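J.: The following file, query09.tsv, comprises TSV, C-alpha atoms and all ligand atoms:
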```tsv
chain	number	residue	atom	x	y	z
G	77	MET	CA	90.55	149.09	39.41
G	78	ARG	CA	93.95	149.41	37.71
G	79	LEU	CA	95.05	146.91	35.11
G	80	LEU	CA	98.74	146.51	34.36
G	81	LEU	CA	100.20	144.88	31.26
G	82	ALA	CA	102.80	142.35	32.42
G	83	PRO	CA	106.42	142.50	31.35
G	84	MET	CA	107.17	139.57	29.03
G	85	GLU	CA	110.68	139.27	27.70
G	86	GLY	CA	110.83	138.48	24.00
G	87	VAL	CA	107.05	138.84	23.61
G	88	VAL	CA	105.74	142.17	24.86
G	89	ASP	CA	107.94	144.74	23.15
G	90	HIS	CA	106.94	148.31	22.29
G	91	LEU	CA	104.97	147.18	19.23
G	92	MET	CA	102.93	144.72	21.25
G	93	ARG	CA	102.42	147.35	23.97
G	94	ASP	CA	101.16	149.74	21.30
G	95	LEU	CA	98.64	147.19	19.94
G	96	LEU	CA	97.42	145.93	23.29
G	97	THR	CA	97.04	149.32	24.96
G	98	ALA	CA	95.15	150.59	21.88
G	99	GLU	CA	92.52	147.94	22.71
G	100	GLY	CA	91.76	149.85	25.92
G	101	GLY	CA	91.60	148.95	29.60
G	102	PHE	CA	95.28	149.16	30.57
G	103	ASP	CA	96.58	151.78	33.01
G	104	LEU	CA	100.29	150.96	33.05
G	105	CYS	CA	102.80	148.82	31.16
G	106	VAL	CA	106.07	147.43	32.48
G	107	THR	CA	108.92	146.80	30.02
G	108	GLU	CA	110.86	143.61	29.50
G	109	PHE	CA	113.70	143.55	32.02
G	110	LEU	CA	116.96	145.41	31.52
G	111	ARG	CA	119.68	143.28	33.08
G	112	VAL	CA	122.09	145.23	35.29
G	113	VAL	CA	125.56	143.82	35.87
G	114	GLU	CA	128.10	146.08	37.54
G	115	GLN	CA	127.65	148.95	35.10
G	116	LEU	CA	125.60	151.99	34.28
G	117	HIS	CA	123.89	151.20	31.00
G	118	PRO	CA	124.29	153.75	28.22
G	119	VAL	CA	121.23	155.81	27.37
G	120	ARG	CA	120.65	153.77	24.20
G	121	SER	CA	120.01	150.58	26.24
G	122	PHE	CA	117.09	152.29	27.97
G	123	PHE	CA	115.67	153.49	24.65
G	124	LYS	CA	116.08	150.02	23.18
G	125	ILE	CA	113.98	148.42	25.90
G	126	CYS	CA	111.59	151.38	26.06
G	127	PRO	CA	111.41	153.33	22.77
G	128	GLU	CA	108.38	155.08	24.28
G	129	LEU	CA	110.89	157.26	26.23
G	130	ALA	CA	111.02	159.38	23.08
G	131	HIS	CA	107.31	160.12	23.53
G	132	GLY	CA	107.03	160.90	27.23
G	133	ALA	CA	107.25	157.19	28.19
G	134	LYS	CA	103.72	156.58	26.96
G	135	THR	CA	102.34	154.25	24.32
G	136	PRO	CA	100.65	155.98	21.35
G	137	SER	CA	97.34	155.56	23.16
G	138	GLY	CA	98.73	157.38	26.18
G	139	VAL	CA	99.38	154.53	28.65
G	140	PRO	CA	102.54	155.08	30.77
G	141	VAL	CA	105.40	152.60	30.42
G	142	ARG	CA	107.66	151.85	33.40
G	143	ILE	CA	111.15	150.40	32.96
G	144	GLN	CA	111.95	147.16	34.76
G	145	LEU	CA	115.47	146.36	36.01
G	146	LEU	CA	116.87	142.99	37.02
G	147	GLY	CA	120.09	142.41	38.90
G	148	GLN	CA	121.63	141.78	42.28
G	149	SER	CA	123.87	144.77	43.02
G	150	PRO	CA	122.06	147.43	45.11
G	151	HIS	CA	124.56	150.06	43.99
G	152	TRP	CA	124.32	149.41	40.25
G	153	LEU	CA	120.57	148.90	40.31
G	154	ALA	CA	120.26	152.28	42.05
G	155	GLU	CA	122.52	153.98	39.48
G	156	ASN	CA	120.50	152.55	36.60
G	157	ALA	CA	117.19	153.32	38.30
G	158	VAL	CA	118.18	156.97	38.57
G	159	ARG	CA	119.04	157.04	34.87
G	160	ALA	CA	115.73	155.36	33.97
G	161	VAL	CA	113.68	158.02	35.74
G	162	GLU	CA	115.89	160.84	34.45
G	163	LEU	CA	115.12	159.62	30.95
G	164	GLY	CA	111.41	159.81	31.73
G	165	SER	CA	110.36	156.39	33.02
G	166	PRO	CA	107.48	156.89	35.47
G	167	GLY	CA	109.27	155.21	38.35
G	168	VAL	CA	111.13	151.95	38.13
G	169	ASP	CA	110.18	148.31	38.68
G	170	LEU	CA	112.52	145.66	40.11
G	171	ASN	CA	112.26	142.05	38.94
G	172	PHE	CA	112.52	139.33	41.60
G	173	GLY	CA	110.50	136.74	39.73
G	174	CYS	CA	112.53	135.67	36.72
G	175	PRO	CA	112.99	131.87	36.72
G	176	ALA	CA	115.66	131.73	33.95
G	177	LYS	CA	118.65	129.55	34.90
G	178	THR	CA	121.29	131.93	33.54
G	179	VAL	CA	119.73	134.84	35.44
G	180	ASN	CA	119.34	132.86	38.70
G	181	ARG	CA	122.90	131.49	38.47
G	182	ASN	CA	124.11	135.09	38.61
G	183	ARG	CA	121.99	135.79	41.68
G	184	GLY	CA	119.30	137.67	39.77
G	185	GLY	CA	115.53	137.26	39.50
G	186	SER	CA	113.65	134.71	41.59
G	187	VAL	CA	116.72	133.25	43.34
G	188	LEU	CA	116.78	136.43	45.46
G	189	LEU	CA	113.50	135.26	47.01
G	190	LYS	CA	115.67	132.98	49.14
G	191	GLU	CA	117.22	136.08	50.74
G	192	PRO	CA	114.72	138.61	52.12
G	193	GLU	CA	117.67	140.70	53.33
G	194	ALA	CA	118.94	140.98	49.74
G	195	LEU	CA	115.53	142.23	48.61
G	196	TYR	CA	115.64	144.77	51.42
G	197	ALA	CA	119.17	145.93	50.54
G	198	ILE	CA	118.34	146.38	46.85
G	199	ILE	CA	115.00	148.10	47.25
G	200	SER	CA	116.13	150.45	50.01
G	201	GLU	CA	119.18	151.57	48.03
G	202	VAL	CA	117.09	152.14	44.90
G	203	ARG	CA	114.42	153.92	46.94
G	204	LYS	CA	117.03	156.26	48.48
G	205	ALA	CA	118.55	157.08	45.09
G	206	VAL	CA	115.35	157.72	43.13
G	207	PRO	CA	113.49	161.02	43.75
G	208	ALA	CA	110.71	160.52	46.29
G	209	HIS	CA	107.90	161.39	43.85
G	210	GLN	CA	108.92	158.54	41.53
G	211	PRO	CA	107.49	155.13	42.48
G	212	VAL	CA	109.82	152.22	43.11
G	213	THR	CA	107.89	148.99	42.62
G	214	ALA	CA	108.82	145.33	42.88
G	215	LYS	CA	107.59	142.13	41.28
G	216	ILE	CA	107.96	138.83	43.13
G	217	ARG	CA	106.71	135.26	43.08
G	218	LEU	CA	105.48	133.45	46.21
G	219	GLY	CA	108.94	131.99	46.69
G	220	TYR	CA	111.69	129.98	45.05
G	221	ASP	CA	111.31	126.28	45.92
G	222	ASP	CA	108.39	126.86	48.25
G	223	ALA	CA	106.42	129.72	49.80
G	224	SER	CA	107.99	129.52	53.27
G	225	LEU	CA	109.64	132.97	52.96
G	226	MET	CA	106.65	134.60	51.32
G	227	LEU	CA	105.74	136.82	54.28
G	228	ASP	CA	109.37	137.66	55.10
G	229	ASN	CA	109.93	138.72	51.51
G	230	ALA	CA	106.82	140.89	51.44
G	231	ARG	CA	107.79	142.48	54.78
G	232	ALA	CA	111.28	143.20	53.41
G	233	VAL	CA	109.82	144.85	50.31
G	234	ALA	CA	107.53	147.03	52.45
G	235	ALA	CA	110.21	147.90	55.03
G	236	ALA	CA	112.57	148.96	52.25
G	237	GLY	CA	110.05	151.57	51.15
G	238	ALA	CA	108.68	150.15	47.90
G	239	ASN	CA	105.55	151.92	46.70
G	240	GLU	CA	103.81	148.89	45.23
G	241	LEU	CA	104.29	145.15	44.95
G	242	VAL	CA	103.14	142.88	42.14
G	243	ILE	CA	102.81	139.26	43.20
G	244	HIS	CA	102.82	136.45	40.66
G	245	ALA	CA	100.98	133.88	42.74
G	246	ARG	CA	103.28	130.91	42.16
G	247	THR	CA	106.74	129.85	43.23
G	248	LYS	CA	109.67	129.59	40.86
G	249	ARG	CA	109.34	125.80	41.14
G	250	ASP	CA	105.69	126.06	39.99
G	251	GLY	CA	106.93	127.72	36.80
G	252	TYR	CA	103.86	128.66	34.78
G	253	ARG	CA	101.79	125.60	35.70
G	254	PRO	CA	98.22	126.31	36.81
G	255	PRO	CA	96.82	127.00	39.28
G	256	ALA	CA	97.94	130.37	40.59
G	257	TYR	CA	97.47	130.56	44.37
G	258	TRP	CA	95.59	133.86	44.57
G	259	ASP	CA	94.50	133.20	48.17
G	260	GLN	CA	98.15	133.37	49.25
G	261	ILE	CA	98.24	137.00	48.12
G	262	ALA	CA	95.41	137.73	50.57
G	263	ARG	CA	97.58	136.30	53.37
G	264	ILE	CA	100.39	138.64	52.38
G	265	LYS	CA	97.97	141.56	52.18
G	266	GLU	CA	96.97	141.01	55.79
G	267	GLU	CA	100.61	141.26	56.86
G	268	VAL	CA	101.97	144.27	54.99
G	269	GLN	CA	100.75	147.82	54.53
G	270	LEU	CA	101.59	148.16	50.87
G	271	PRO	CA	99.52	148.46	47.68
G	272	ILE	CA	99.54	145.01	46.07
G	273	VAL	CA	98.73	143.97	42.51
G	274	ALA	CA	97.70	140.34	41.90
G	275	ASN	CA	99.09	138.45	38.92
G	276	GLY	CA	98.92	134.99	37.40
G	277	GLU	CA	96.52	132.86	35.39
G	278	ILE	CA	93.92	135.51	34.54
G	279	TRP	CA	92.51	134.48	31.15
G	280	THR	CA	88.91	135.74	31.29
G	281	PRO	CA	86.86	138.45	33.04
G	282	GLU	CA	85.52	135.68	35.32
G	283	ASP	CA	89.10	134.77	36.31
G	284	ALA	CA	89.72	138.44	37.05
G	285	ARG	CA	86.73	138.57	39.39
G	286	ARG	CA	87.69	135.33	41.14
G	287	CYS	CA	91.27	136.56	41.50
G	288	GLN	CA	90.04	139.80	43.07
G	289	GLN	CA	87.83	137.87	45.49
G	290	GLN	CA	90.52	135.39	46.51
G	291	SER	CA	93.50	137.77	46.62
G	292	HIS	CA	91.58	140.69	48.15
G	293	CYS	CA	93.34	142.88	45.57
G	294	VAL	CA	91.53	145.34	43.36
G	295	ASP	CA	94.42	145.92	40.95
G	296	LEU	CA	95.53	143.16	38.58
G	297	MET	CA	98.37	142.48	36.17
G	298	LEU	CA	97.63	140.55	32.96
G	299	GLY	CA	100.27	138.63	31.01
G	300	ARG	CA	99.55	135.69	28.72
G	301	GLY	CA	95.80	136.24	29.02
G	302	ALA	CA	96.14	139.57	27.19
G	303	LEU	CA	98.07	137.91	24.39
G	304	ALA	CA	95.45	135.16	24.06
G	305	CYS	CA	92.62	137.70	24.08
G	306	PRO	CA	93.86	141.20	23.17
G	307	SER	CA	90.66	142.87	24.37
G	308	LEU	CA	90.79	141.17	27.80
G	309	ALA	CA	91.60	144.35	29.77
G	310	HIS	CA	88.78	146.21	28.01
G	311	SER	CA	86.34	143.37	28.76
G	312	ILE	CA	87.36	143.23	32.43
G	313	LYS	CA	86.82	146.97	32.82
G	314	THR	CA	83.62	147.36	30.78
G	315	GLY	CA	81.98	143.95	30.66
G	316	ALA	CA	82.13	144.08	26.84
G	317	LYS	CA	82.36	140.77	24.96
G	318	ARG	CA	85.75	139.83	23.54
G	319	ARG	CA	86.49	141.08	20.02
G	320	PRO	CA	85.37	138.81	17.17
G	321	TRP	CA	88.10	136.98	15.25
G	322	GLN	CA	87.86	139.33	12.22
G	323	GLN	CA	88.98	142.21	14.44
G	324	VAL	CA	91.79	140.14	15.92
G	325	LEU	CA	92.85	139.33	12.38
G	326	ALA	CA	92.99	143.04	11.59
G	327	LEU	CA	95.23	143.38	14.64
G	328	LEU	CA	97.48	140.61	13.34
G	329	LYS	CA	97.79	142.49	10.06
G	330	ARG	CA	98.73	145.69	11.87
G	331	TYR	CA	101.23	143.75	13.97
G	332	SER	CA	102.73	142.23	10.83
G	333	LEU	CA	103.22	145.59	9.18
G	334	PHE	CA	104.69	147.03	12.40
G	335	GLU	CA	107.06	144.14	12.94
G	336	ILE	CA	108.29	143.96	9.35
G	337	GLN	CA	109.09	147.67	9.35
G	338	GLY	CA	110.60	147.61	12.86
G	339	ASP	CA	114.26	146.99	13.66
G	340	LYS	CA	113.54	143.36	14.56
G	341	GLY	CA	111.86	142.51	11.24
G	342	CYS	CA	113.94	139.34	10.87
G	343	TYR	CA	112.22	137.88	13.95
G	344	TYR	CA	108.76	138.49	12.50
G	345	PRO	CA	107.97	134.88	11.42
G	346	ASN	CA	108.81	133.55	14.89
G	347	ARG	CA	107.08	136.38	16.70
G	348	LEU	CA	103.91	135.91	14.68
G	349	LYS	CA	103.87	132.16	15.34
G	350	GLN	CA	104.50	132.81	19.03
G	351	TRP	CA	101.54	135.17	19.23
G	352	LEU	CA	99.31	132.72	17.34
G	353	GLN	CA	100.19	130.09	19.93
G	354	PHE	CA	98.71	132.36	22.59
G	355	LEU	CA	95.72	133.40	20.47
G	356	ARG	CA	94.75	129.79	19.73
G	357	LEU	CA	94.04	129.34	23.45
G	358	GLN	CA	91.00	131.61	23.00
G	359	TYR	CA	90.26	131.58	19.26
G	360	PRO	CA	89.92	128.29	17.30
G	361	GLU	CA	90.52	130.33	14.12
G	362	ALA	CA	94.01	131.11	15.39
G	363	GLN	CA	94.72	127.38	15.59
G	364	ALA	CA	93.72	126.97	11.93
G	365	LEU	CA	95.92	129.89	10.93
G	366	PHE	CA	98.81	128.55	13.01
G	367	ASP	CA	98.54	125.17	11.27
G	368	GLN	CA	98.75	126.97	7.93
G	369	VAL	CA	101.79	129.09	8.76
G	370	LYS	CA	103.80	126.92	11.13
G	371	THR	CA	106.23	125.66	8.48
G	372	LEU	CA	106.51	128.95	6.59
G	373	LYS	CA	109.68	130.97	6.95
G	374	HIS	CA	109.30	134.04	4.75
G	375	LYS	CA	107.40	137.10	5.83
G	376	GLU	CA	105.68	137.51	2.43
G	377	GLU	CA	104.21	133.99	2.66
G	378	LEU	CA	102.99	134.63	6.18
G	379	LEU	CA	101.39	137.94	5.23
G	380	GLN	CA	99.68	136.21	2.32
G	381	CYS	CA	98.13	133.65	4.68
G	382	ILE	CA	96.86	136.28	7.07
T	401	LIG	C1	107.59	134.62	27.85
T	401	LIG	C2	107.51	135.31	29.20
T	401	LIG	C3	108.40	136.33	29.49
T	401	LIG	C4	108.35	136.98	30.74
T	401	LIG	N1	109.21	138.01	31.00
T	401	LIG	C5	109.14	138.68	32.19
T	401	LIG	C6	109.97	139.81	32.47
T	401	LIG	O1	110.77	140.27	31.63
T	401	LIG	N2	109.85	140.38	33.70
T	401	LIG	C7	108.97	139.93	34.66
T	401	LIG	O2	108.90	140.49	35.75
T	401	LIG	N3	108.16	138.88	34.40
T	401	LIG	C8	108.22	138.26	33.20
T	401	LIG	N4	107.35	137.22	32.94
T	401	LIG	C9	106.31	136.86	33.93
T	401	LIG	C10	105.01	137.63	33.61
T	401	LIG	O3	105.19	139.02	33.77
T	401	LIG	C11	103.86	137.17	34.54
T	401	LIG	O4	104.25	137.39	35.86
T	401	LIG	C12	103.54	135.68	34.35
T	401	LIG	O5	103.42	135.36	32.97
T	401	LIG	C13	102.23	135.32	35.08
T	401	LIG	O6	101.16	136.06	34.59
T	401	LIG	P1	100.10	135.45	33.52
T	401	LIG	O7	99.63	134.14	34.07
T	401	LIG	O8	99.03	136.52	33.42
T	401	LIG	O9	100.85	135.26	32.23
T	401	LIG	C14	107.40	136.56	31.71
T	401	LIG	C15	106.51	135.53	31.40
T	401	LIG	C16	106.55	134.89	30.17
T	401	LIG	C17	105.56	133.78	29.87
```
Please render this file's structure as structure tokens.
Ligand SMILES: Cc1cc2nc3c(=O)[nH]c(=O)nc-3n(C[C@H](O)[C@H](O)[C@H](O)COP(=O)(O)O)c2cc1C

T.:
Amino acid sequence: MRLLLAPMEGVVDHLMRDLLTAEGGFDLCVTEFLRVVEQLHPVRSFFKICPELAHGAKTPSGVPVRIQLLGQSPHWLAENAVRAVELGSPGVDLNFGCPAKTVNRNRGGSVLLKEPEALYAIISEVRKAVPAHQPVTAKIRLGYDDASLMLDNARAVAAAGANELVIHARTKRDGYRPPAYWDQIARIKEEVQLPIVANGEIWTPEDARRCQQQSHCVDLMLGRGALACPSLAHSIKTGAKRRPWQQVLALLKRYSLFEIQGDKGCYYPNRLKQWLQFLRLQYPEAQALFDQVKTLKHKEELLQCI
């Protein structure tokens, strides 16, 4: 079984990838998306989204990190994909799941799920441009308004030569509302000869098992569940119990010191509160801490509370 850490814009940056992969269980991370609009990004944009490029594109615990691109131009996505792998990204991932209005208005992200031929054009051009030994992967939802093009989209991804497909088992219209329709992934799996990774609504090891049974996928991608329970991947792989709160608290301290020293230190209060909002889904202690810090604005006060 492979477990992938989901890309999460504004939440899972290199510091979070470092902390979560150090907990064990993850085999691959995907970065937040790099938006491609009619230009070849300078090298520094790739390092900004993936500072791990300076260390062989691996987190400090040795888990590979793949760059994700989002856009609509086959040509410019291909140019940027080539640069990503030249800089050391182990392959490149293409985002066709983003529900953001500004992104969709510019024909990027999930709106492309209305056009299987656009998926085909993008993936085949990227596949042709990137050296054959480097994987080109895609991430989709079941559809935009509904799942009527789900099989056409998956067939387009496979025909274009993608090496792997991650499926977030909801439409754009479903947003992030439970449930995730894992059984729909099994339908896709019957239709296309392509390694598929199931994603969506996996919060516990039991969810992971049910998702595997219903999707017929062995490999899984974890997003919010890993933020709510940092040792989730480790528990899924080993059967170990989740870490006790004291250990999560130690992680929060490490995160705080990382974030304050990092280049985005000014965002620390918001980032910490955001993470606590995920943690409180699994740890009642996180709710108590959140209540204490929610009105605080200064990093020193927050650190004091932790
Ligand atoms: C705050 C947030 C940011 C996200 N950013 C990205 C992104 O940059 N690229 C992407 O492909 N998916 C992104 N996603 C979707 C996740 O990767 C994942 O598919 C989704 O959260 C479902 O998985 P989960 O139920 O395990 O969280 C984002 C999701 C959230 C909640």

J.: Return as a ChimeraX atom specification every polymer residue, whether protein, DNA or RNA, with at least one atom no more than 7 Å from an atom of ligand LIG 401 (chain T); count only C-alpha atoms and all ligand atoms.

T.: /G:82-87,107-109,171-174,215,244,252,275-278,297-301

J.: At a cut-off of 10 Å, using only C-alpha atoms, what residues contact Gly101 of chain G? Leave out same-chain residues fewer than 4 positions from it and give the result as a list in words.

T.: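 Non-adjacent residues within range: Met77, Arg78, Leu79, Leu80, Leu81, Leu96, Thr97, Val139, Ser307, Leu308, Ala309, His310, Ser311, Ile312, Lys313 and Thr314 of chain G.
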
J.: Taking 4 positions as the minimum chain separation for residues in the same chain, which residues sit within 9 Å of Leu227 of chain G when counting only C-alpha atoms? Answer as a VMD selection string.

T.: chain G and resid 218 223 231 to 232 263 to 264 267 to 268

J.: Closest to Arg347 of chain G among G:Ala326, G:Lys370, G:Thr213, G:Gly237, using all atoms listed in the file?

T.: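 When distances to Arg347 of chain G are compared using all atoms listed in the file, the smallest one comes from G:Lys370.
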
J.: Under the rule that all atoms listed in the file are counted, which of G:Leu195, G:Met226, G:Ile382, G:Val369 is the nearest residue to Tyr331 of chain G?

T.: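 For Tyr331 of chain G, the nearest of the given residues is G:Ile382.
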
J.: For segment 180-214 of chain G, supply N, CA and C atoms and format the output as a PDB file, keeping the file's coordinate frame.

T.:
```pdb
ATOM      1  N   ASN G 180     119.291 133.317  37.303  1.00  0.00           N
ATOM      2  CA  ASN G 180     119.340 132.860  38.700  1.00  0.00           C
ATOM      3  C   ASN G 180     120.764 132.473  39.117  1.00  0.00           C
ATOM      4  N   ARG G 181     121.515 131.881  38.165  1.00  0.00           N
ATOM      5  CA  ARG G 181     122.900 131.490  38.470  1.00  0.00           C
ATOM      6  C   ARG G 181     123.732 132.710  38.870  1.00  0.00           C
ATOM      7  N   ASN G 182     123.399 133.853  38.284  1.00  0.00           N
ATOM      8  CA  ASN G 182     124.110 135.090  38.610  1.00  0.00           C
ATOM      9  C   ASN G 182     123.429 135.876  39.720  1.00  0.00           C
ATOM     10  N   ARG G 183     122.663 135.187  40.534  1.00  0.00           N
ATOM     11  CA  ARG G 183     121.990 135.790  41.680  1.00  0.00           C
ATOM     12  C   ARG G 183     121.044 136.918  41.269  1.00  0.00           C
ATOM     13  N   GLY G 184     120.307 136.684  40.182  1.00  0.00           N
ATOM     14  CA  GLY G 184     119.300 137.670  39.770  1.00  0.00           C
ATOM     15  C   GLY G 184     117.943 136.995  39.683  1.00  0.00           C
ATOM     16  N   GLY G 185     116.878 137.800  39.668  1.00  0.00           N
ATOM     17  CA  GLY G 185     115.530 137.260  39.500  1.00  0.00           C
ATOM     18  C   GLY G 185     115.060 136.498  40.722  1.00  0.00           C
ATOM     19  N   SER G 186     114.365 135.372  40.495  1.00  0.00           N
ATOM     20  CA  SER G 186     113.650 134.710  41.590  1.00  0.00           C
ATOM     21  C   SER G 186     114.562 134.102  42.661  1.00  0.00           C
ATOM     22  N   VAL G 187     115.831 133.852  42.337  1.00  0.00           N
ATOM     23  CA  VAL G 187     116.720 133.250  43.340  1.00  0.00           C
ATOM     24  C   VAL G 187     116.875 134.175  44.551  1.00  0.00           C
ATOM     25  N   LEU G 188     116.673 135.478  44.341  1.00  0.00           N
ATOM     26  CA  LEU G 188     116.780 136.430  45.460  1.00  0.00           C
ATOM     27  C   LEU G 188     115.636 136.257  46.463  1.00  0.00           C
ATOM     28  N   LEU G 189     114.609 135.515  46.074  1.00  0.00           N
ATOM     29  CA  LEU G 189     113.500 135.260  47.010  1.00  0.00           C
ATOM     30  C   LEU G 189     113.933 134.340  48.150  1.00  0.00           C
ATOM     31  N   LYS G 190     115.133 133.778  48.027  1.00  0.00           N
ATOM     32  CA  LYS G 190     115.670 132.980  49.140  1.00  0.00           C
ATOM     33  C   LYS G 190     116.322 133.871  50.188  1.00  0.00           C
ATOM     34  N   GLU G 191     116.488 135.165  49.858  1.00  0.00           N
ATOM     35  CA  GLU G 191     117.220 136.080  50.740  1.00  0.00           C
ATOM     36  C   GLU G 191     116.436 137.371  50.954  1.00  0.00           C
ATOM     37  N   PRO G 192     115.496 137.374  51.894  1.00  0.00           N
ATOM     38  CA  PRO G 192     114.720 138.610  52.120  1.00  0.00           C
ATOM     39  C   PRO G 192     115.635 139.818  52.381  1.00  0.00           C
ATOM     40  N   GLU G 193     116.784 139.554  53.033  1.00  0.00           N
ATOM     41  CA  GLU G 193     117.670 140.700  53.330  1.00  0.00           C
ATOM     42  C   GLU G 193     118.275 141.287  52.051  1.00  0.00           C
ATOM     43  N   ALA G 194     118.439 140.454  51.031  1.00  0.00           N
ATOM     44  CA  ALA G 194     118.940 140.980  49.740  1.00  0.00           C
ATOM     45  C   ALA G 194     117.869 141.846  49.076  1.00  0.00           C
ATOM     46  N   LEU G 195     116.611 141.407  49.164  1.00  0.00           N
ATOM     47  CA  LEU G 195     115.530 142.230  48.610  1.00  0.00           C
ATOM     48  C   LEU G 195     115.523 143.589  49.314  1.00  0.00           C
ATOM     49  N   TYR G 196     115.654 143.529  50.640  1.00  0.00           N
ATOM     50  CA  TYR G 196     115.640 144.770  51.420  1.00  0.00           C
ATOM     51  C   TYR G 196     116.786 145.689  50.988  1.00  0.00           C
ATOM     52  N   ALA G 197     117.987 145.116  50.875  1.00  0.00           N
ATOM     53  CA  ALA G 197     119.170 145.930  50.540  1.00  0.00           C
ATOM     54  C   ALA G 197     118.988 146.587  49.166  1.00  0.00           C
ATOM     55  N   ILE G 198     118.497 145.831  48.209  1.00  0.00           N
ATOM     56  CA  ILE G 198     118.340 146.380  46.850  1.00  0.00           C
ATOM     57  C   ILE G 198     117.273 147.475  46.838  1.00  0.00           C
ATOM     58  N   ILE G 199     116.108 147.138  47.367  1.00  0.00           N
ATOM     59  CA  ILE G 199     115.000 148.100  47.250  1.00  0.00           C
ATOM     60  C   ILE G 199     115.296 149.364  48.040  1.00  0.00           C
ATOM     61  N   SER G 200     115.906 149.214  49.231  1.00  0.00           N
ATOM     62  CA  SER G 200     116.130 150.450  50.010  1.00  0.00           C
ATOM     63  C   SER G 200     117.174 151.323  49.330  1.00  0.00           C
ATOM     64  N   GLU G 201     118.178 150.716  48.709  1.00  0.00           N
ATOM     65  CA  GLU G 201     119.180 151.570  48.030  1.00  0.00           C
ATOM     66  C   GLU G 201     118.563 152.261  46.798  1.00  0.00           C
ATOM     67  N   VAL G 202     117.744 151.525  46.075  1.00  0.00           N
ATOM     68  CA  VAL G 202     117.090 152.140  44.900  1.00  0.00           C
ATOM     69  C   VAL G 202     116.135 153.235  45.371  1.00  0.00           C
ATOM     70  N   ARG G 203     115.390 152.941  46.427  1.00  0.00           N
ATOM     71  CA  ARG G 203     114.420 153.920  46.940  1.00  0.00           C
ATOM     72  C   ARG G 203     115.122 155.214  47.362  1.00  0.00           C
ATOM     73  N   LYS G 204     116.300 155.065  48.029  1.00  0.00           N
ATOM     74  CA  LYS G 204     117.030 156.260  48.480  1.00  0.00           C
ATOM     75  C   LYS G 204     117.534 157.078  47.306  1.00  0.00           C
ATOM     76  N   ALA G 205     117.917 156.384  46.224  1.00  0.00           N
ATOM     77  CA  ALA G 205     118.550 157.080  45.090  1.00  0.00           C
ATOM     78  C   ALA G 205     117.531 157.771  44.181  1.00  0.00           C
ATOM     79  N   VAL G 206     116.350 157.204  44.072  1.00  0.00           N
ATOM     80  CA  VAL G 206     115.350 157.720  43.130  1.00  0.00           C
ATOM     81  C   VAL G 206     114.527 158.814  43.819  1.00  0.00           C
ATOM     82  N   PRO G 207     114.272 159.948  43.120  1.00  0.00           N
ATOM     83  CA  PRO G 207     113.490 161.020  43.750  1.00  0.00           C
ATOM     84  C   PRO G 207     112.180 160.493  44.350  1.00  0.00           C
ATOM     85  N   ALA G 208     111.818 161.069  45.495  1.00  0.00           N
ATOM     86  CA  ALA G 208     110.710 160.520  46.290  1.00  0.00           C
ATOM     87  C   ALA G 208     109.384 160.466  45.525  1.00  0.00           C
ATOM     88  N   HIS G 209     109.191 161.384  44.548  1.00  0.00           N
ATOM     89  CA  HIS G 209     107.900 161.390  43.850  1.00  0.00           C
ATOM     90  C   HIS G 209     107.815 160.282  42.778  1.00  0.00           C
ATOM     91  N   GLN G 210     108.923 159.607  42.544  1.00  0.00           N
ATOM     92  CA  GLN G 210     108.920 158.540  41.530  1.00  0.00           C
ATOM     93  C   GLN G 210     108.718 157.194  42.215  1.00  0.00           C
ATOM     94  N   PRO G 211     107.706 156.423  41.818  1.00  0.00           N
ATOM     95  CA  PRO G 211     107.490 155.130  42.480  1.00  0.00           C
ATOM     96  C   PRO G 211     108.596 154.114  42.207  1.00  0.00           C
ATOM     97  N   VAL G 212     108.929 153.396  43.256  1.00  0.00           N
ATOM     98  CA  VAL G 212     109.820 152.220  43.110  1.00  0.00           C
ATOM     99  C   VAL G 212     108.942 151.012  43.427  1.00  0.00           C
ATOM    100  N   THR G 213     108.793 150.137  42.449  1.00  0.00           N
ATOM    101  CA  THR G 213     107.890 148.990  42.620  1.00  0.00           C
ATOM    102  C   THR G 213     108.685 147.701  42.463  1.00  0.00           C
ATOM    103  N   ALA G 214     108.123 146.613  42.963  1.00  0.00           N
ATOM    104  CA  ALA G 214     108.820 145.330  42.880  1.00  0.00           C
ATOM    105  C   ALA G 214     107.854 144.272  42.388  1.00  0.00           C
TER     106      ALA G 214
END
```
